Each structure stands twice: as C-alpha cells, then as structure tokens.
Amino acid sequence: MAVKQTLKSKPAKKVVPNDAASVTLRNVSKSYGEAWLSDDVLKDVSIEFPAGELTVIVGPSGCGKSTLVNIMAGFETPDSGEVLIDNRPITGPAKDRMVVFQETALIPWQTTYENVVFGPKMRGDKSGQALKDEAEALLVKVGLGEFIHKYPIQLSGGMQRRAELARALINEPTVMIMDEPFRGLDAMSRSLMQEFFLDLFEENKKTNIFVTSEIDEAIFLADNLVVLSNKPTTVQTVMKIKLPRPRDYKMLTTEQAFEYKKEAMELLHDEAMKSFAVLK
Amino acid sequence: MTSTKKSFFAKLMGQVTLKRGVSAILIFLVIWHVGALFDDWFGVDIIGIGLVPPPADVFAAFLEVIPKIGYWQSWVSSFSRVLTGFLVAMLIGIPFGLLLAVNRYFRGLFFPPFEILRPIPPLAWVPASLIFWPTNEMSIAFVTFLGAFFTIVINVLGGARSIDISYLRAAQSMGASQFDLFWKIVLPGTLPSIFTGAAVGMGITWEVVLAAEMISGGGTQGGGGLGFFIWNSYMGGSLEQIVVGMISIGIAGYLSSSAIRKLGYFMMPWRRLF
C-alpha cells in the first residue's frame with residue numbers, strides 16, 4: 001500500500017491534508033433594519049452540509065446567499081437559530097472555515113506569495129523553510145509557480161482565483177466556503193476553473209459549500225444541490241446529484257444531468273418571476 | 001537583448017516627454033511675449049496680460065537676484081516653514097485620521113469639532129494666531145500646519161473607510177487580531193490616500209505660507225520668505241521681481257510635489273503597475 005502510494009505520486013508529498021467537518025444550519029433567521037421596517041433576508045433556514053461532500057447552494061439573485069455565507073463564516077451573527085461545525089456552535093470567523101469571496105479578496109499590496117503565507121505567518125503556527133516549501137508547493141499545484149512574486153493586479157482573473165484557493169488551503173480548513181467564486185470570469189476561464197476546482201475537491205475531499213447562481217455550474221460540481229427561494233429565503237428543496245466522480249464536462253449533456261437541470265430550473269424560474277413582479 | 005531594447009525604448013520615451021515639456025514651455029513663453037508686447041506693436045492692450053513685463057525683462061531680473069544671498073534665504077525660510085507645518089500636519093493628521101476611521105467612539109467625539117473647524121480658511125486664522133503665538137515664526141508655522149492638516153485628515157479618513165471589507169474579513173478568517181488588522185490591512189490600505197492627502201496638503205501649504213508671509217510681514221525677524229519677497233517687490237514697484245517671485249514659488253511647489261510622488265513610488269510598489 002505504502003509502496004503503491006509513493007509510486008503513484010511522484011512529488012510524494014501530500015500538499016493539502018484532507019480533514020473535513022460537517023456544517024449544520026439550524027433554523028437560521030436574519031433580518032436587517034429597524035423592527036418597524038425590517039427586511040427579512042433569511043427565514044428558518046436549516047441545511048445539513050455533510051462532511052467531505054460538495055454542497056452547492058443556488059438561488060435567485062438578490063436572495064440571501066451572501067448573508068448565508070457571512071453567517072457561516074462568522075462575519076455576521078444570525079438573529080435566531082444556530083450554526084454548528086462538527087456539532088459545536090461557531091463563535092466567529094476562524095481558520096477552520098475559509099471563504100473565497102465573490103470578487104477577489106487577495107490583498108493588493110502583497111505579492112502572490114505574501115498573500116499565501118499571510119495567515120500562517122501571522123498566527124505563527126508555521127514558519128521558516130517549512131512554510132516557504134509548503135507555500136511554493138501549493139502555488140505550483142495551482143499553476144502559479146512562475147507568478148509567485150507578482151502582485152495580484154498582474155494576474156488574470158483565473159489566476160487570482162487559483163491564488164485565492166491556495167491562500168485558503170494553506171490554512172488547512174476543514175470547510176471551504178465559496179461565495180460565487182467564479183463570477184466575473186469569462187466563459188472559457190470559468191469552465192477551466194470549474195474543472196480545476198473539481199480536481200482539487202476530488203483529491204482533498206474537504207467539506208465544500210459552494211454558492212452560485214449558475215445552474216450548469218451547480219449540477220456539474222455538486223453532490224448535494226440546495227435550491228433556495230426568494231426573499232425571505234427558505235430552503236425549497238435539496239437534490240442529490242448522483243453523477244459519477246471523477247466528473248467530466250461531457251456529463252452535463254447526459255439525460256440524467258438534464259433531468260436535474262429541469263427540476264432545478266422550474267423551481268428557480270418560479271422564484272425569479274416573483275422577484276420580477278415585485279420590481280414592477 | 002530584450003532588456004537593452006526596453007531601456008532604449010524607455011530612453012526614447014523620456015526624450016519625447018522632455019521634448020513635449022520643453023516645447024510646451026516655449027509656446028507659453030511666446031504667448032506671454034506676444035501678449036506683453038501687443039500694446040507696443042498694435043497700440044491696443046490685451047486686458048489682463050498687457051501690463052505684465054515681457055519674459056526677457058523677467059529673465060534679466062532673475063539673473064539680477066540669483067547671485068544675491070537674500071533671494072536664497074527667502075527660499076530657505078519659506079521651505080523650512082512649509083516643511084515644518086507639513087511634517088507636523090502629517091505627524092498629527094495621519095494617526096488622527098486613522099483613529100477617526102477605526103474607532104466609533106473617537107469619531108463620535110472628535111469628528112464634529114473637526115468638521116466645524118475645517119471650513120475656516122487657514123488665512124482667517126492669521127490674525128488670531130499672530131495674537132496667540134509668541135513669535136511670528138510660530139504663527140506662520142501654525143497657519144501652514146492648518147492648511148495641510150485638514151486635507152490630510154480627510155484623505156486618511158476617507159481612504160481608511162473605503163478599504164474593501166473583504167480584505168478585513170479574509171484576514172479575520174485567517175486569525176488576524178485587531179492589531180494585525182490595523183498594521184497589515186488598514187495602514188497599507190490607506191497609504192495611497194495618505195500620499196494623495198500629502199500631495200494636496202503640500203500644495204495648500206505653499207499657498208498658505210506665502211499669504212501668511214505677506215500678511216505678517218515675515219521680514220521682521222529675518223528671512224522674509226518668498227511671499228515677503230513678492231510683497232516687497234510690489235511695495236518697491238518692481239513688476240519684474242514680482243513675476244520672479246511667482247515663478248520661484250511655482251518651481252518650489254513643483255519640487256515639493258515631485259518629492260512626494262517619488263516617495264510614493266518607492267513606498268507603494270504595487271501601485272507602479274497601474
């Protein structure tokens with residue numbers, strides 16, 4: 001067994017350890033504004049994110065997806081309900097849950113390398129040559145070996161997202177929260193990023209919570225697909241996506257994928273129409 | 001190979017910029033010359049420019065003052081006043097602006113009085129500061145300080161408040177303390193605004209110092225400064241020298257803001273790429 005492993009993987013070193021934790025949302029509600037004019041964003045949202053699985057959240061735009069992300073990350077607290085990670089309530093942002101944000105959140109005044117080592121160096125839990133080696137290995141893994149000393153603005157959109165994945169992974173999170181991470185990329189880089197992201201996931205099997213508004217992307221990536229309703233957001237349905245892994249883009253054209261898409265589309269279409277009517 | 005090519009290109013670019021700059025100044029001089037002598041040639045004054053001495057006369061006046069030590073003393077005293085006011089404004093203004101940005105209680109306490117004092121033009125402070133400060137020099141420095149201070153604070157405050165919240169959140173997820181957030185995110189994130197504030201503040205400092213020198217008759221304690229130089233030339237009726245003083249100020253201001261730009265260039269390597 002050990003021999004086989006060394007034979008299979010030439011660099012021999014596992015770059016990212018695979019630990020995964022489950023996340024549970026229990027009756028989470030959140031509203032903004034004063035009581036007399038409050039805007040209910042989330043209403044009794046309960047979702048189970050199984051450890052080591054990729055759960056995608058889709059919902060009409062303007063529903064509380066980002067609020068949900070902020071609550072799970074610990075940036076905001078729910079008005080009621082609780083968020084559990086491995087059955088322990090969360091107390092705020094922490095390195096066990098890394099977020100990849102909608103627009104890039106790479107720090108512009110740090111080089112790619114500095115961005116990646118930022119967390120461990122700040123906490124002091126890794127340092128010196130070991131940290132350097134690990135960061136470099138990660139950057140090579142995400143294909144940025146030659147861009148280590150470039151500033152974020154010198155990277156393309158796809159490269160920035162990969163740098164951000166590396167920055168998240170070096171903190172050894174047990175949960176990755178992706179808030180529409182590929183939004184704003186052109187179609188080609190987007191599908192390349194999806195495949196890259198899937199490879200990474202299938203290798204590490206971390207718990208992944210992936211928020212998107214693209215149904216194709218959702219079905220391509222997901223183990224579980226959570227479909228949200230319009231504001232105030234509730235869970236409409238949770239679908240098991242049983243496409244085989246490792247996945248391939250061709251699977252999106254199968255009958256099975258089409259059925260998933262149809263089901264999700266119908267739910268989302270009704271919800272989207274509601275918000276359209278509100279606009280009128 | 002590529003590097004020599006690039007440096008050649010850069011050199012060429014430098015030359016083009018230089019040529020443009022020189023020709024722009026030459027064109028300006030020609031217009032000035034024609035405007036100033038229009039009356040002699042055609043018997044009609046161009047309002048606003050007709051009485052200005054022609055560039056050649058000003059140049060002659062320039063040559064006259066250049067060997068005089070008093071002229072250079074004016075430079076030194078104006079520069080030292082500007083730098084004093086400016087540096088003190090930076091030293092107090094940057095931490096003050098950052099505190100306003102990061103601490104709600106501090107902002108609640110100090111922002112209202114700051115906002116009431118801010119619209120008062122620095123020159124309106126001149127009479128009061130002449131009375132309150134023991135020496136003329138201190139009153140001028142104080143008024144100069146005021147000129148830069150408010151601009152710097154407003155820029156720092158605005159810059160720090162507009163830092164993308166996702167940088168702060170990303171850092172928090174990675175375990176940043178309040179101390180880390182301040183030193184690693186807020187301060188470097190505010191740096192561009194600090195330099196903008198410094199550049200604008202430096203400009204205002206020059207405006208203020210000259211006016212302050214004129215009003216206070218800065219010559220009473222030696223070293224009248226460039227502002228007093230202009231005022232003195234006006235009293236002495238030397239139009240050419242007035243213009244010499246004005247151009248000197250232009251050059252001094254240009255030198256100071258170039259210095260700030262250079263410093264910003266070195267301190268913010270990531271901004272060179274824009």
# chains A, B, ... in the order shown; residues from 1 in each chain; ligands from 1
>>> closest_atom_pairs(of="range 151-250 of chain A", to="range 100-121 of chain A", cutoff="12 Å", atoms="only C-alpha atoms", output="tab-separated table")
residue	atom	partner	partner_atom	distance
A:Tyr151	CA	A:Thr111	CA	4.3
A:Pro152	CA	A:Pro108	CA	5.8
A:Ile153	CA	A:Pro108	CA	7.0
A:Gln154	CA	A:Thr111	CA	9.6
A:Leu155	CA	A:Thr112	CA	9.0
A:Ser156	CA	A:Thr104	CA	11.0
A:Gly157	CA	A:Thr104	CA	8.4
A:Gly158	CA	A:Thr104	CA	10.1
A:Met159	CA	A:Thr112	CA	9.9
A:Gln160	CA	A:Thr104	CA	6.8
A:Arg161	CA	A:Thr104	CA	6.9
A:Arg162	CA	A:Val100	CA	10.1
A:Ala163	CA	A:Thr112	CA	6.7
A:Glu164	CA	A:Leu106	CA	6.5
A:Leu165	CA	A:Val100	CA	7.1
A:Ala166	CA	A:Val116	CA	6.4
A:Arg167	CA	A:Val116	CA	4.2
A:Ala168	CA	A:Val100	CA	7.3
A:Leu169	CA	A:Val116	CA	8.9
A:Ile170	CA	A:Val116	CA	7.1
A:Asn171	CA	A:Pro120	CA	6.5
A:Glu172	CA	A:Pro120	CA	9.7
A:Pro173	CA	A:Gly119	CA	11.6
A:Val175	CA	A:Val100	CA	11.2
A:Met176	CA	A:Val100	CA	7.7
A:Ile177	CA	A:Val100	CA	6.3
A:Met178	CA	A:Val100	CA	4.8
A:Asp179	CA	A:Phe101	CA	5.2
A:Glu180	CA	A:Gln102	CA	5.1
A:Pro181	CA	A:Gln102	CA	4.9
A:Phe182	CA	A:Gln102	CA	7.3
A:Arg183	CA	A:Gln102	CA	6.6
A:Gly184	CA	A:Glu103	CA	7.9
A:Leu185	CA	A:Glu103	CA	10.0
A:Asn208	CA	A:Val100	CA	10.9
A:Ile209	CA	A:Val100	CA	10.3
A:Phe210	CA	A:Val100	CA	9.4
A:Val211	CA	A:Gln102	CA	9.5
A:Thr212	CA	A:Gln102	CA	9.7
A:Ser213	CA	A:Gln102	CA	11.7
>>> residues_around(residues="Trp75 in chain B", least_positions_apart="6", cutoff="12 Å", atoms="only C-alpha atoms", output="mmCIF file with N, CA and C atoms, in the first residue's frame")
data_model
loop_
_atom_site.group_PDB
_atom_site.id
_atom_site.type_symbol
_atom_site.label_atom_id
_atom_site.label_comp_id
_atom_site.auth_asym_id
_atom_site.auth_seq_id
_atom_site.Cartn_x
_atom_site.Cartn_y
_atom_site.Cartn_z
ATOM 1 N N ILE B 66 19.644 86.219 -8.684
ATOM 2 C CA ILE B 66 20.271 84.916 -8.427
ATOM 3 C C ILE B 66 21.562 85.013 -7.603
ATOM 4 N N LYS B 68 22.253 87.111 -5.397
ATOM 5 C CA LYS B 68 22.026 87.743 -4.094
ATOM 6 C C LYS B 68 21.661 86.712 -3.037
ATOM 7 N N ILE B 69 22.315 86.793 -1.908
ATOM 8 C CA ILE B 69 22.104 85.808 -0.848
ATOM 9 C C ILE B 69 20.696 85.915 -0.284
ATOM 10 N N ARG B 81 9.515 76.754 6.632
ATOM 11 C CA ARG B 81 8.171 76.926 7.190
ATOM 12 C C ARG B 81 7.207 75.896 6.617
ATOM 13 N N VAL B 82 7.289 75.732 5.305
ATOM 14 C CA VAL B 82 6.409 74.749 4.659
ATOM 15 C C VAL B 82 6.651 73.368 5.241
ATOM 16 N N LEU B 83 7.935 73.001 5.339
ATOM 17 C CA LEU B 83 8.240 71.650 5.820
ATOM 18 C C LEU B 83 7.811 71.462 7.269
ATOM 19 N N TRP B 206 1.956 75.589 0.536
ATOM 20 C CA TRP B 206 2.643 76.663 -0.194
ATOM 21 C C TRP B 206 1.743 77.874 -0.352
ATOM 22 N N VAL B 209 1.582 79.526 3.175
ATOM 23 C CA VAL B 209 2.791 80.111 3.737
ATOM 24 C C VAL B 209 3.077 81.466 3.094
ATOM 25 N N LEU B 210 2.815 81.566 1.804
ATOM 26 C CA LEU B 210 3.104 82.823 1.116
ATOM 27 C C LEU B 210 2.178 83.913 1.579
ATOM 28 N N GLY B 223 14.777 86.750 7.260
ATOM 29 C CA GLY B 223 14.268 85.711 6.378
ATOM 30 C C GLY B 223 12.810 85.894 6.060
ATOM 31 N N GLY B 224 12.515 86.816 5.188
ATOM 32 C CA GLY B 224 11.119 87.135 4.873
ATOM 33 C C GLY B 224 10.402 86.035 4.133
ATOM 34 N N GLY B 225 11.135 85.229 3.401
ATOM 35 C CA GLY B 225 10.500 84.181 2.619
ATOM 36 C C GLY B 225 10.053 84.691 1.262
ATOM 37 N N LEU B 226 9.652 83.759 0.391
ATOM 38 C CA LEU B 226 9.293 84.112 -0.981
ATOM 39 C C LEU B 226 8.033 84.961 -1.030
ATOM 40 N N GLY B 227 7.129 84.718 -0.104
ATOM 41 C CA GLY B 227 5.905 85.518 -0.046
ATOM 42 C C GLY B 227 6.238 86.975 0.240
ATOM 43 N N PHE B 228 7.139 87.150 1.204
ATOM 44 C CA PHE B 228 7.537 88.514 1.549
ATOM 45 C C PHE B 228 8.322 89.146 0.409
ATOM 46 N N PHE B 229 9.090 88.306 -0.296
ATOM 47 C CA PHE B 229 9.850 88.767 -1.465
ATOM 48 C C PHE B 229 8.900 89.394 -2.481
ATOM 49 N N GLY B 245 9.369 86.258 -8.282
ATOM 50 C CA GLY B 245 8.911 85.609 -7.039
ATOM 51 C C GLY B 245 7.854 84.564 -7.330
ATOM 52 N N SER B 248 9.369 81.546 -8.855
ATOM 53 C CA SER B 248 10.125 80.814 -7.832
ATOM 54 C C SER B 248 9.197 79.915 -7.031
ATOM 55 N N ILE B 249 8.033 80.455 -6.687
ATOM 56 C CA ILE B 249 7.068 79.661 -5.923
ATOM 57 C C ILE B 249 6.605 78.456 -6.737
ATOM 58 N N GLY B 250 6.355 78.723 -8.022
ATOM 59 C CA GLY B 250 5.935 77.622 -8.899
ATOM 60 C C GLY B 250 6.960 76.503 -8.877
ATOM 61 N N ILE B 251 8.228 76.887 -9.010
ATOM 62 C CA ILE B 251 9.291 75.873 -9.029
ATOM 63 C C ILE B 251 9.361 75.156 -7.677
ATOM 64 N N ALA B 252 9.276 75.936 -6.591
ATOM 65 C CA ALA B 252 9.350 75.334 -5.252
ATOM 66 C C ALA B 252 8.223 74.324 -5.052
ATOM 67 N N GLY B 253 7.007 74.705 -5.460
ATOM 68 C CA GLY B 253 5.866 73.798 -5.311
ATOM 69 C C GLY B 253 6.052 72.541 -6.134
#
>>> atom_distance(atom1="CA of Leu100 in chain B", atom2="CA of Gln172 in chain B")
21.1 Å
>>> interface_residues(of="chain B", to="chain A", cutoff="6 Å", atoms="only C-alpha atoms", output="list in words")
Ser166, Tyr167, Ser173, Met174 and Trp270 of chain B
>>> closest_residue(among="B:Asp45, B:Glu213, B:Asp57, B:Asp180", to="Leu168 in chain B", atoms="only C-alpha atoms")
B:Asp180
>>> select_by_dssp(residues="range 37-164 of chain A", states="strand (DSSP E)", output="NGL selection string")
:A and (39-49 or 54-58 or 80-85 or 88-89 or 97-100)
>>> atom_distance(atom1="CA of Asn224 in chain A", atom2="CA of Val58 in chain A")
10.7 Å
>>> atom_distance(atom1="CA of Ala141 in chain B", atom2="CA of Gly85 in chain B")
5.2 Å
